file input_10.cif (mmCIF, C-alpha atoms)
data_start
loop_
_atom_site.label_atom_id
_atom_site.label_comp_id
_atom_site.auth_asym_id
_atom_site.auth_seq_id
_atom_site.Cartn_x
_atom_site.Cartn_y
_atom_site.Cartn_z
CA MET D 1 0.00 0.00 0.00
CA ILE D 2 1.15 3.53 -0.68
CA HIS D 3 -0.22 6.03 1.78
CA PHE D 4 0.50 9.70 1.28
CA TYR D 5 -0.40 13.03 2.75
CA LEU D 6 1.15 15.84 0.75
CA VAL D 7 1.25 19.57 1.26
CA LYS D 8 2.81 21.77 -1.39
CA HIS D 9 2.63 25.55 -1.60
CA ARG D 10 3.41 27.55 -4.69
CA ARG D 11 3.78 31.31 -4.81
CA ALA D 12 1.64 33.09 -7.32
CA PRO D 13 3.53 34.21 -10.42
CA GLY D 14 4.71 37.80 -10.11
CA ARG D 15 6.65 39.66 -7.51
CA ASP D 16 3.97 40.43 -4.97
CA PRO D 17 4.55 38.01 -2.07
CA ALA D 18 1.18 39.00 -0.60
CA GLN D 19 -0.61 37.59 -3.61
CA PRO D 20 -2.20 34.27 -2.74
CA GLY D 21 -0.60 31.31 -4.48
CA PHE D 22 -1.66 27.77 -5.13
CA SER D 23 -1.50 25.12 -2.46
CA LEU D 24 -2.03 21.37 -2.65
CA GLU D 25 -3.14 19.33 0.32
CA VAL D 26 -4.13 15.75 -0.38
CA GLU D 27 -4.25 12.53 1.60
CA PHE D 28 -4.96 9.19 -0.02
CA SER D 29 -4.05 5.51 0.04
CA LEU D 30 -3.30 3.47 -3.06
CA MET D 31 -3.99 -0.22 -2.57
CA ASN D 32 -1.45 -2.57 -4.14
CA GLY D 33 -2.22 -3.50 -7.71
CA THR D 34 -4.96 -0.91 -8.19
CA PHE D 35 -5.35 1.50 -11.08
CA THR D 36 -6.27 4.92 -9.74
CA GLY D 37 -7.25 7.92 -11.81
CA VAL D 38 -6.66 11.52 -10.79
CA LEU D 39 -9.22 13.82 -12.30
CA GLY D 40 -9.42 17.57 -12.18
CA PRO D 41 -9.32 20.75 -14.24
CA SER D 42 -6.07 22.47 -15.23
CA GLY D 43 -4.36 24.01 -12.23
CA SER D 44 -6.05 21.71 -9.74
CA GLY D 45 -2.73 20.19 -8.64
CA LYS D 46 -2.77 16.89 -10.55
CA SER D 47 0.71 17.27 -12.02
CA THR D 48 2.13 18.66 -8.76
CA LEU D 49 0.83 15.57 -6.97
CA LEU D 50 2.41 13.31 -9.58
CA ARG D 51 5.75 15.14 -9.42
CA CYS D 52 5.81 15.03 -5.60
CA LEU D 53 5.19 11.27 -5.68
CA ALA D 54 7.90 10.81 -8.32
CA GLY D 55 10.37 12.81 -6.22
CA LEU D 56 10.78 15.51 -8.85
CA GLU D 57 9.40 18.11 -6.42
CA THR D 58 9.85 18.28 -2.67
CA PRO D 59 6.63 18.73 -0.71
CA ASP D 60 6.41 21.35 2.01
CA GLY D 61 4.91 18.89 4.43
CA GLY D 62 3.30 15.51 4.95
CA PHE D 63 4.63 12.03 4.18
CA ILE D 64 4.76 9.25 1.59
CA GLN D 65 4.76 5.81 3.12
CA THR D 66 5.22 2.70 1.00
CA ASP D 67 5.79 -1.00 1.61
CA SER D 68 9.50 -0.38 0.99
CA GLY D 69 9.70 2.40 3.58
CA TRP D 70 9.27 6.16 3.79
CA TRP D 71 9.87 8.05 0.58
CA TYR D 72 9.30 11.31 2.35
CA ARG D 73 8.53 12.36 5.89
CA GLN D 74 8.34 15.99 6.96
CA GLY D 75 11.18 17.04 9.20
CA GLU D 76 13.24 13.91 8.57
CA GLY D 77 16.15 14.98 6.38
CA HIS D 78 16.04 14.84 2.61
CA PRO D 79 13.26 13.01 0.81
CA ARG D 80 14.30 9.90 -1.07
CA ARG D 81 15.59 10.91 -4.52
CA PRO D 82 13.64 9.78 -7.61
CA GLN D 83 16.37 7.28 -8.50
CA ASP D 84 16.12 5.74 -5.02
CA ARG D 85 12.33 5.29 -5.15
CA ARG D 86 10.88 2.40 -7.07
CA VAL D 87 8.77 4.74 -9.11
CA ALA D 88 8.40 5.24 -12.86
CA LEU D 89 6.75 8.09 -14.68
CA VAL D 90 5.36 8.08 -18.20
CA PHE D 91 5.53 11.66 -19.40
CA GLN D 92 2.87 13.37 -21.46
CA ASP D 93 5.43 13.97 -24.26
CA TYR D 94 6.94 10.48 -23.70
CA ALA D 95 10.44 11.87 -23.00
CA LEU D 96 12.11 9.11 -24.99
CA PHE D 97 15.86 9.46 -25.34
CA PRO D 98 16.37 10.45 -28.99
CA HIS D 99 19.88 9.01 -29.18
CA LEU D 100 18.72 5.53 -28.20
CA SER D 101 16.65 2.97 -30.10
CA ALA D 102 13.39 1.64 -28.67
CA LEU D 103 15.37 -1.24 -27.18
CA GLY D 104 18.03 1.15 -25.88
CA ASN D 105 15.33 3.22 -24.20
CA VAL D 106 13.94 0.17 -22.42
CA MET D 107 17.42 -1.10 -21.55
CA PHE D 108 18.07 2.26 -19.90
CA ALA D 109 15.79 1.04 -17.13
CA GLN D 110 16.53 -2.66 -17.40
CA LYS D 111 20.05 -3.80 -18.24
CA SER D 112 19.05 -7.25 -19.49
CA ARG D 113 18.51 -7.26 -23.25
CA THR D 114 16.28 -10.33 -23.04
CA ARG D 115 14.04 -8.74 -20.39
CA ALA D 116 13.94 -5.48 -22.34
CA LEU D 117 12.79 -7.35 -25.44
CA GLU D 118 10.12 -9.07 -23.37
CA TRP D 119 8.81 -5.70 -22.21
CA LEU D 120 8.73 -4.46 -25.80
CA ASP D 121 6.94 -7.64 -26.78
CA LEU D 122 4.37 -7.03 -24.04
CA VAL D 123 3.46 -3.69 -25.61
CA GLY D 124 3.52 -5.22 -29.12
CA LEU D 125 6.66 -3.49 -30.32
CA ALA D 126 9.30 -6.24 -30.41
CA ASP D 127 9.56 -5.78 -34.19
CA ARG D 128 10.41 -2.08 -33.74
CA ALA D 129 13.19 -2.64 -31.21
CA ALA D 130 15.91 -1.20 -33.46
CA HIS D 131 13.92 1.89 -34.44
CA PHE D 132 14.80 5.31 -33.03
CA PRO D 133 12.10 7.57 -31.54
CA HIS D 134 11.99 9.80 -34.65
CA GLU D 135 11.16 6.71 -36.71
CA LEU D 136 8.15 5.80 -34.56
CA SER D 137 4.56 7.07 -34.64
CA GLY D 138 2.97 8.80 -31.62
CA GLY D 139 1.26 5.61 -30.49
CA GLN D 140 4.43 3.57 -30.86
CA LYS D 141 6.39 6.12 -28.83
CA GLN D 142 3.80 5.88 -26.11
CA ARG D 143 4.16 2.09 -26.07
CA VAL D 144 7.95 2.36 -25.78
CA ALA D 145 7.55 4.87 -22.94
CA LEU D 146 5.20 2.45 -21.18
CA ALA D 147 7.56 -0.52 -21.70
CA ARG D 148 10.47 1.56 -20.43
CA ALA D 149 8.59 2.59 -17.30
CA LEU D 150 7.46 -0.98 -16.60
CA ALA D 151 10.98 -2.29 -17.15
CA ARG D 152 11.96 -0.47 -13.98
CA GLU D 153 9.55 -2.81 -12.20
CA PRO D 154 8.22 0.06 -10.14
CA GLU D 155 6.30 -0.06 -6.90
CA LEU D 156 4.28 2.82 -8.29
CA LEU D 157 3.70 3.63 -11.95
CA LEU D 158 2.70 7.22 -12.68
CA LEU D 159 1.05 8.14 -15.96
CA ASP D 160 0.81 11.83 -16.85
CA GLU D 161 -2.08 12.19 -19.32
CA PRO D 162 -0.80 9.23 -21.35
CA LEU D 163 -3.52 9.40 -23.98
CA SER D 164 -3.77 13.15 -24.52
CA ALA D 165 -1.33 13.32 -27.45
CA VAL D 166 -2.88 10.57 -29.59
CA ASP D 167 -5.97 10.63 -31.80
CA GLU D 168 -9.37 9.25 -30.78
CA GLU D 169 -9.02 5.88 -32.51
CA LEU D 170 -5.62 5.17 -31.09
CA ARG D 171 -6.70 6.39 -27.66
CA GLU D 172 -9.06 3.48 -27.24
CA GLU D 173 -6.49 0.96 -28.41
CA LEU D 174 -3.73 2.37 -26.20
CA GLY D 175 -6.07 2.62 -23.23
CA ALA D 176 -6.89 -1.08 -23.58
CA LEU D 177 -3.18 -1.89 -23.83
CA ILE D 178 -2.33 0.13 -20.70
CA LEU D 179 -5.10 -1.62 -18.80
CA SER D 180 -4.10 -5.11 -19.93
CA VAL D 181 -0.42 -4.48 -19.12
CA GLN D 182 -1.36 -3.05 -15.72
CA ARG D 183 -3.49 -6.10 -15.00
CA ALA D 184 -0.77 -8.47 -16.26
CA THR D 185 1.97 -6.92 -14.11
CA GLY D 186 -0.19 -5.94 -11.13
CA THR D 187 1.65 -2.63 -10.86
CA THR D 188 0.04 -0.02 -8.61
CA THR D 189 -0.77 2.75 -11.04
CA LEU D 190 -1.80 6.39 -10.74
CA MET D 191 -2.96 8.11 -13.90
CA VAL D 192 -3.61 11.81 -14.31
CA THR D 193 -6.21 12.71 -16.90
CA HIS D 194 -8.81 15.27 -17.89
CA SER D 195 -11.13 12.66 -19.26
CA ARG D 196 -13.94 11.05 -17.25
CA THR D 197 -14.39 8.52 -20.05
CA GLU D 198 -10.82 7.28 -19.66
CA ILE D 199 -11.24 7.08 -15.89
CA GLY D 200 -14.46 5.07 -16.32
CA ARG D 201 -12.86 2.73 -18.81
CA LEU D 202 -9.54 2.09 -17.08
CA CYS D 203 -9.57 2.86 -13.39
CA ASP D 204 -10.57 0.98 -10.26
CA GLU D 205 -10.62 4.13 -8.18
CA VAL D 206 -10.76 7.82 -8.81
CA ILE D 207 -9.75 10.89 -6.88
CA GLU D 208 -10.90 14.28 -8.00
CA LEU D 209 -8.96 17.41 -7.24
CA ARG D 210 -10.10 21.00 -7.31
CA ASP D 211 -7.92 23.94 -6.27
CA GLY D 212 -5.43 21.57 -4.69
CA ARG D 213 -7.98 19.81 -2.50
CA LEU D 214 -9.45 16.36 -2.80
CA VAL D 215 -13.15 16.81 -3.49
CA THR D 216 -14.15 13.24 -4.28
CA ALA D 217 -12.62 9.88 -3.67
CA ARG D 218 -14.53 6.98 -5.12
CA TYR D 219 -13.59 3.36 -5.02
CA ARG D 220 -14.72 1.03 -7.77
CA VAL D 221 -15.55 3.36 -10.56
CA PRO D 222 -18.96 2.43 -11.99
CA MET Y 223 56.83 30.38 -55.91
CA PRO Y 224 58.42 28.49 -52.99
CA PHE Y 225 56.12 26.76 -50.55
CA PRO Y 226 55.95 28.79 -47.31
CA ASP Y 227 57.78 27.68 -44.19
CA PRO Y 228 55.49 25.09 -42.53
CA GLY Y 229 56.74 26.06 -39.03
CA PRO Y 230 53.97 28.61 -38.29
CA PHE Y 231 51.31 26.10 -39.43
CA VAL Y 232 52.70 23.45 -37.12
CA VAL Y 233 52.73 25.88 -34.17
CA SER Y 234 49.20 27.11 -35.00
CA LEU Y 235 47.75 23.63 -35.38
CA GLU Y 236 49.47 22.37 -32.25
CA LEU Y 237 48.19 25.39 -30.34
CA ALA Y 238 44.64 25.02 -31.66
CA VAL Y 239 44.52 21.30 -30.82
CA TRP Y 240 45.83 21.85 -27.28
CA VAL Y 241 43.41 24.71 -26.59
CA THR Y 242 40.40 22.85 -28.04
CA VAL Y 243 41.12 19.67 -26.08
CA ILE Y 244 41.83 21.49 -22.81
CA LEU Y 245 38.68 23.64 -23.04
CA ALA Y 246 36.48 20.73 -24.16
CA LEU Y 247 37.61 18.72 -21.16
CA THR Y 248 37.39 21.46 -18.55
CA MET Y 249 34.54 23.79 -19.46
CA PHE Y 250 31.56 21.44 -19.07
CA PRO Y 251 31.12 21.99 -15.29
CA PHE Y 252 31.11 25.77 -15.79
CA ALA Y 253 28.67 25.53 -18.71
CA TRP Y 254 26.43 23.31 -16.57
CA ILE Y 255 26.42 25.87 -13.74
CA PHE Y 256 25.79 28.77 -16.13
CA ALA Y 257 22.90 26.89 -17.75
CA ARG Y 258 21.18 25.49 -14.68
CA SER Y 259 22.17 27.31 -11.50
CA LYS Y 260 19.93 30.08 -10.23
CA ARG Y 261 22.45 31.40 -7.71
CA ARG Y 262 22.96 35.13 -7.67
CA TRP Y 263 26.70 35.06 -8.30
CA VAL Y 264 26.37 33.06 -11.51
CA PRO Y 265 25.74 35.99 -13.91
CA TRP Y 266 28.81 37.77 -12.53
CA VAL Y 267 31.08 34.79 -13.12
CA GLU Y 268 29.49 34.11 -16.50
CA THR Y 269 30.26 37.70 -17.55
CA LEU Y 270 33.87 37.19 -16.49
CA PHE Y 271 34.07 34.06 -18.65
CA SER Y 272 32.67 35.97 -21.64
CA LEU Y 273 34.85 39.04 -21.19
CA SER Y 274 37.50 38.02 -23.71
CA LEU Y 275 34.80 38.02 -26.38
CA VAL Y 276 34.57 41.82 -26.33
CA LEU Y 277 37.93 42.76 -24.85
CA PRO Y 278 40.50 43.82 -27.51
CA PRO Y 279 42.97 40.92 -27.76
CA THR Y 280 45.89 43.28 -27.18
CA VAL Y 281 44.35 44.42 -23.88
CA LEU Y 282 43.93 40.80 -22.78
CA GLY Y 283 47.45 40.02 -24.00
CA PHE Y 284 48.85 43.05 -22.17
CA TYR Y 285 47.31 42.03 -18.85
CA LEU Y 286 48.42 38.41 -19.28
CA LEU Y 287 51.93 39.60 -20.10
CA ILE Y 288 52.02 41.68 -16.91
CA PHE Y 289 50.35 38.89 -14.89
CA PHE Y 290 52.71 36.11 -16.01
CA SER Y 291 55.86 38.23 -16.35
CA PRO Y 292 58.90 36.80 -14.50
CA PHE Y 293 58.83 39.97 -12.38
CA SER Y 294 55.25 39.46 -11.19
CA PRO Y 295 54.44 37.37 -8.07
CA VAL Y 296 52.54 34.84 -10.19
CA GLY Y 297 55.34 34.57 -12.75
CA GLN Y 298 57.94 34.17 -10.00
CA PHE Y 299 55.80 31.56 -8.24
CA LEU Y 300 55.39 29.50 -11.43
CA GLN Y 301 59.12 29.79 -12.19
CA ASN Y 302 60.33 28.92 -8.67
CA VAL Y 303 57.82 26.15 -7.84
CA PHE Y 304 57.19 24.48 -11.20
CA GLY Y 305 60.13 25.80 -13.23
CA LEU Y 306 57.53 27.09 -15.70
CA ARG Y 307 57.94 30.28 -17.69
CA LEU Y 308 54.88 31.40 -19.60
CA VAL Y 309 56.05 34.57 -21.29
CA PHE Y 310 57.48 33.99 -24.79
CA THR Y 311 56.99 30.22 -24.53
CA PHE Y 312 54.56 27.76 -26.13
CA PRO Y 313 52.88 26.84 -22.80
CA GLY Y 314 52.28 30.58 -22.34
CA LEU Y 315 50.53 30.67 -25.73
CA VAL Y 316 48.34 27.74 -24.69
CA VAL Y 317 47.34 29.38 -21.40
CA ALA Y 318 46.62 32.75 -23.04
CA SER Y 319 44.69 31.18 -25.93
CA CYS Y 320 42.65 29.08 -23.49
CA ILE Y 321 41.63 32.27 -21.71
CA ALA Y 322 40.82 33.97 -25.03
CA GLY Y 323 38.94 30.93 -26.34
CA THR Y 324 36.91 30.18 -23.21
CA PRO Y 325 33.72 32.02 -24.25
CA PHE Y 326 33.50 30.12 -27.55
CA MET Y 327 33.51 26.75 -25.82
CA VAL Y 328 31.47 27.74 -22.76
CA THR Y 329 28.73 29.45 -24.78
CA ALA Y 330 28.35 26.49 -27.13
CA LEU Y 331 28.23 23.98 -24.28
CA ARG Y 332 25.81 26.12 -22.25
CA ASN Y 333 23.47 26.43 -25.24
CA GLY Y 334 23.70 22.68 -25.78
CA ILE Y 335 22.72 22.01 -22.17
CA LEU Y 336 19.85 24.52 -22.35
CA ALA Y 337 18.53 22.80 -25.49
CA ILE Y 338 18.02 19.48 -23.69
CA PRO Y 339 14.40 19.19 -22.55
CA GLU Y 340 14.05 19.00 -18.77
CA HIS Y 341 11.83 15.95 -19.17
CA LEU Y 342 14.74 13.90 -20.48
CA LEU Y 343 16.69 14.53 -17.27
CA GLU Y 344 13.64 13.81 -15.14
CA ALA Y 345 12.96 10.61 -17.11
CA SER Y 346 16.52 9.49 -16.43
CA TRP Y 347 16.20 10.16 -12.69
CA THR Y 348 12.90 8.33 -12.43
CA LEU Y 349 14.46 5.42 -14.32
CA GLY Y 350 17.01 5.01 -11.58
CA LYS Y 351 19.98 7.03 -12.80
CA GLY Y 352 21.82 9.52 -10.59
CA ARG Y 353 23.01 12.96 -11.63
CA LEU Y 354 26.42 11.89 -12.93
CA GLU Y 355 24.99 8.91 -14.81
CA THR Y 356 22.38 11.22 -16.31
CA ILE Y 357 25.09 13.59 -17.51
CA GLY Y 358 27.06 10.69 -18.99
CA TRP Y 359 24.21 8.76 -20.58
CA VAL Y 360 21.69 11.47 -21.46
CA VAL Y 361 23.17 14.97 -21.44
CA LEU Y 362 26.48 14.44 -23.24
CA PRO Y 363 25.12 12.20 -26.04
CA ASN Y 364 22.34 14.71 -26.70
CA MET Y 365 24.65 17.69 -26.92
CA ARG Y 366 27.02 16.27 -29.52
CA PRO Y 367 26.28 19.11 -32.00
CA ALA Y 368 26.99 21.67 -29.27
CA ILE Y 369 30.25 19.98 -28.33
CA LEU Y 370 31.24 19.92 -31.99
CA ALA Y 371 30.22 23.57 -32.42
CA GLY Y 372 32.30 24.53 -29.39
CA ALA Y 373 35.28 22.55 -30.63
CA VAL Y 374 35.14 23.93 -34.18
CA THR Y 375 34.67 27.57 -33.19
CA THR Y 376 37.38 27.32 -30.52
CA PHE Y 377 39.74 25.60 -32.97
CA ALA Y 378 39.08 28.11 -35.75
CA HIS Y 379 39.35 31.07 -33.41
CA THR Y 380 42.65 29.84 -31.96
CA LEU Y 381 43.99 29.16 -35.43
CA GLY Y 382 43.43 32.81 -36.32
CA GLU Y 383 44.49 34.24 -32.94
CA PHE Y 384 46.79 37.23 -33.34
CA GLY Y 385 46.76 39.93 -30.64
CA VAL Y 386 46.96 37.79 -27.54
CA VAL Y 387 49.52 35.48 -29.11
CA LEU Y 388 51.73 38.32 -30.26
CA MET Y 389 51.64 40.03 -26.86
CA ILE Y 390 52.46 36.98 -24.76
CA GLY Y 391 54.48 34.91 -27.21
CA GLY Y 392 56.16 37.31 -29.56
CA SER Y 393 57.35 35.75 -32.80
CA ILE Y 394 59.95 33.08 -32.10
CA PRO Y 395 60.19 30.78 -35.16
CA GLY Y 396 59.17 27.22 -34.38
CA VAL Y 397 58.10 28.15 -30.86
CA THR Y 398 55.57 30.96 -30.76
CA LYS Y 399 55.35 32.17 -34.36
CA VAL Y 400 51.85 31.27 -35.54
CA VAL Y 401 50.35 31.66 -39.04
CA SER Y 402 48.60 34.95 -38.37
CA ILE Y 403 51.87 36.49 -37.21
CA ALA Y 404 53.65 35.02 -40.24
CA ILE Y 405 51.04 36.66 -42.51
CA PHE Y 406 51.55 39.97 -40.72
CA GLU Y 407 55.34 39.76 -41.07
CA ARG Y 408 55.21 38.73 -44.75
CA THR Y 409 52.81 41.59 -45.48
CA GLU Y 410 55.03 44.04 -43.64
CA ALA Y 411 57.98 42.81 -45.73
CA GLN Y 412 55.83 43.29 -48.87
CA ASP Y 413 56.20 39.57 -49.65
CA TYR Y 414 52.57 39.33 -50.77
CA ALA Y 415 53.01 35.99 -52.54
CA GLN Y 416 53.94 34.21 -49.32
CA ALA Y 417 51.33 36.15 -47.35
CA HIS Y 418 48.73 35.00 -49.92
CA LEU Y 419 49.74 31.40 -49.49
CA TYR Y 420 49.56 31.54 -45.70
CA ALA Y 421 46.25 33.42 -45.77
CA GLY Y 422 44.78 31.16 -48.47
CA ILE Y 423 45.56 27.97 -46.55
CA LEU Y 424 44.09 29.47 -43.36
CA LEU Y 425 40.98 30.47 -45.29
CA VAL Y 426 40.50 26.98 -46.72
CA VAL Y 427 41.01 25.30 -43.33
CA SER Y 428 38.55 27.70 -41.63
CA TYR Y 429 35.98 27.22 -44.39
CA ALA Y 430 36.30 23.44 -44.17
CA ALA Y 431 35.84 23.54 -40.38
CA VAL Y 432 32.69 25.66 -40.55
CA PHE Y 433 31.33 23.58 -43.46
CA LEU Y 434 31.83 20.39 -41.46
CA LEU Y 435 30.07 21.98 -38.50
CA ASN Y 436 27.07 23.01 -40.60
CA ARG Y 437 26.79 19.57 -42.20
CA VAL Y 438 26.76 17.83 -38.84
CA GLN Y 439 24.25 20.28 -37.40
CA ARG Y 440 21.93 19.83 -40.39
CA ALA Y 441 22.09 16.07 -39.95
CA GLU Y 442 21.32 16.39 -36.23
CA ARG Y 443 18.40 18.77 -36.85
CA ARG Y 444 16.65 16.03 -38.81
CA ARG Y 445 16.26 14.11 -35.60
CA GLU Y 446 13.60 15.19 -33.16
CA PRO Y 447 14.94 16.78 -29.99
CA SER Y 448 13.15 14.58 -27.48
CA GLY Y 449 11.18 11.89 -29.21
CA ALA Y 450 8.14 13.97 -28.35
CA ALA Y 451 4.67 13.77 -29.78
CA ARG Y 452 4.18 14.50 -33.44
#
call {"tool": "encode", "arguments": {"input": "input_10.cif", "output": "structure tokens"}}
result
Amino acid sequence: MIHFYLVKHRRAPGRDPAQPGFSLEVEFSLMNGTFTGVLGPSGSGKSTLLRCLAGLETPDGGFIQTDSGWWYRQGEGHPRRPQDRRVALVFQDYALFPHLSALGNVMFAQKSRTRALEWLDLVGLADRAAHFPHELSGGQKQRVALARALAREPELLLLDEPLSAVDEELREELGALILSVQRATGTTTLMVTHSRTEIGRLCDEVIELRDGRLVTARYRVP
Amino acid sequence: MPFPDPGPFVVSLELAVWVTVILALTMFPFAWIFARSKRRWVPWVETLFSLSLVLPPTVLGFYLLIFFSPFSPVGQFLQNVFGLRLVFTFPGLVVASCIAGTPFMVTALRNGILAIPEHLLEASWTLGKGRLETIGWVVLPNMRPAILAGAVTTFAHTLGEFGVVLMIGGSIPGVTKVVSIAIFERTEAQDYAQAHLYAGILLVVSYAAVFLLNRVQRAERRREPSGAAR
């Protein structure tokens, strides 16, 4: 289980320190193996939450407790660095390394060539292993990014709007792939999205954020 | 027409190679700080590193001459402790040209670092790599065009260096006499044929270097910067 309570303040843009900024304050528990969606309008704190969990931003308070120990606890030294957490993040723009092939990208997270090929096979891209990112379509890049993240064998998989950059037809296909891979690996997954349809189709649970606060938490999405 | 004395070419090439290699190996940490640090002192130091870009080479050469002169504390220290004399010697040329060439290398490397999308670094960290591994496996491979640009511009600039080199090295044949000084001397002696040959060869070498740089950069531009969405 991953239990977190996160507080993060952000100053408003501009020089006036008196101007009220944005603040995130969320507590939630992710059960092992579940697929949780984070819903909310732009500026509601979805990405900040994701980045705090990934270790890319340091919260101002709270804690992140996982089965493998504390990733962050207020007042207890430095938070665990991203590379020391078993976490993987699939970026909205994929963030594939352009100088590496699809296989090279997956092997970045998983040294074994055989295992890396297995991950590519899982996302249906074993035949594109030697292709570089600029030779792949949007959907194929997304699959490589997913395989790369899974190759890290993370305790928590974070997906930042994974379907926002692909067209409608592909969205359905990729969504089904993400779900089947999540089910096959049993990886605890948190996905940020704008789309209620995606949440309904993919997620076991949903949390909804507004202005940095959790407004709804529903288990078993209908 | 006799072929010109190759001595100045040898000195120039040797100097340019030394300066390019030294700056390529040492300037990355500074470029990294200039590109990524938000500390207040950074712009001041960055300005200092860029100063030789606008300073007349003779001014820079004059100060270096005074600074490294055997009568200065620094010159005496280098002479007494390391037995090293920098004024009117080849090592002196290397040191002076490194100082003059610093902004060319640092600016190229800094721009290369700035051009790498932040997400690539973050992806590397979340995939288990530390900062040094990320620099080695992600940053450096993705800034190859910038490294090449820095190397070519530094090399070409050093090859044509005149003011600084003349001030600190003089014109000792086979030791500190570089091509640009040879051109100046041949022109002064009204030996235009030899000056033409020296200048022509320098022109061809410089053109070839910049052409190579452009070709490589065009090839690199065909690749997407981050494998991002299309």
call {"tool": "resolve_selection", "arguments": {"input": "input_10.cif", "expression": "the PyMOL selection byres ((chain Y and resi 236) around 12)", "output": "list in words"}}
result
Gly229, Pro230, Phe231, Val232, Val233, Ser234, Leu235, Leu237, Ala238, Val239, Trp240, Val241, Thr242, Val243, Phe312, Pro313, Leu315, Val316, Ser319, Phe377, Thr380, Leu381, Gly396, Val397, Thr398, Lys399, Val400 and Val401 of chain Y
call {"tool": "closest_residue", "arguments": {"input": "input_10.cif", "among": "D:Thr58, D:Thr114, D:Asn32, D:Ser164", "to": "chain Y", "atoms": "all atoms listed in the file"}}
result
D:Ser164
call {"tool": "atom_distance", "arguments": {"input": "input_10.cif", "atom1": "CA of Val38 in chain D", "atom2": "CA of Leu122 in chain D"}}
result
25.3 Å
call {"tool": "interface_residues", "arguments": {"input": "input_10.cif", "of": "chain D", "to": "chain Y", "cutoff": "8 Å", "atoms": "only C-alpha atoms", "output": "PyMOL selection string"}}
result
chain D and resi 54+56+82-85+87-89+91+93-99+108-109+133-134+137-138+141+149+152+165
call {"tool": "resolve_selection", "arguments": {"input": "input_10.cif", "expression": "the PyMOL selection byres ((chain D and resi 192) around 7)", "output": "list in words"}}
result
Gly37, Val38, Leu39, Lys46, Leu159, Asp160, Glu161, Leu190, Met191 and Thr193 of chain D
call {"tool": "residues_near_point", "arguments": {"input": "input_10.cif", "point": "(15.5, 1.4, -21.6)", "cutoff": "10 Å", "atoms": "all atoms listed in the file", "output": "PyMOL selection string"}}
result
(chain D and resi 96-97+100-113+116-117+119-120+144-145+147-152) or (chain Y and resi 346+349)
call {"tool": "resolve_selection", "arguments": {"input": "input_10.cif", "expression": "the PyMOL selection byres ((chain D and resi 66-74) around 10)", "output": "PyMOL selection string"}}
result
chain D and resi 1-7+29-30+32+52-55+58-65+75-82+84-86+155-156
call {"tool": "atom_distance", "arguments": {"input": "input_10.cif", "atom1": "CA of Gly40 in chain D", "atom2": "CA of Arg213 in chain D"}}
result
10.0 Å
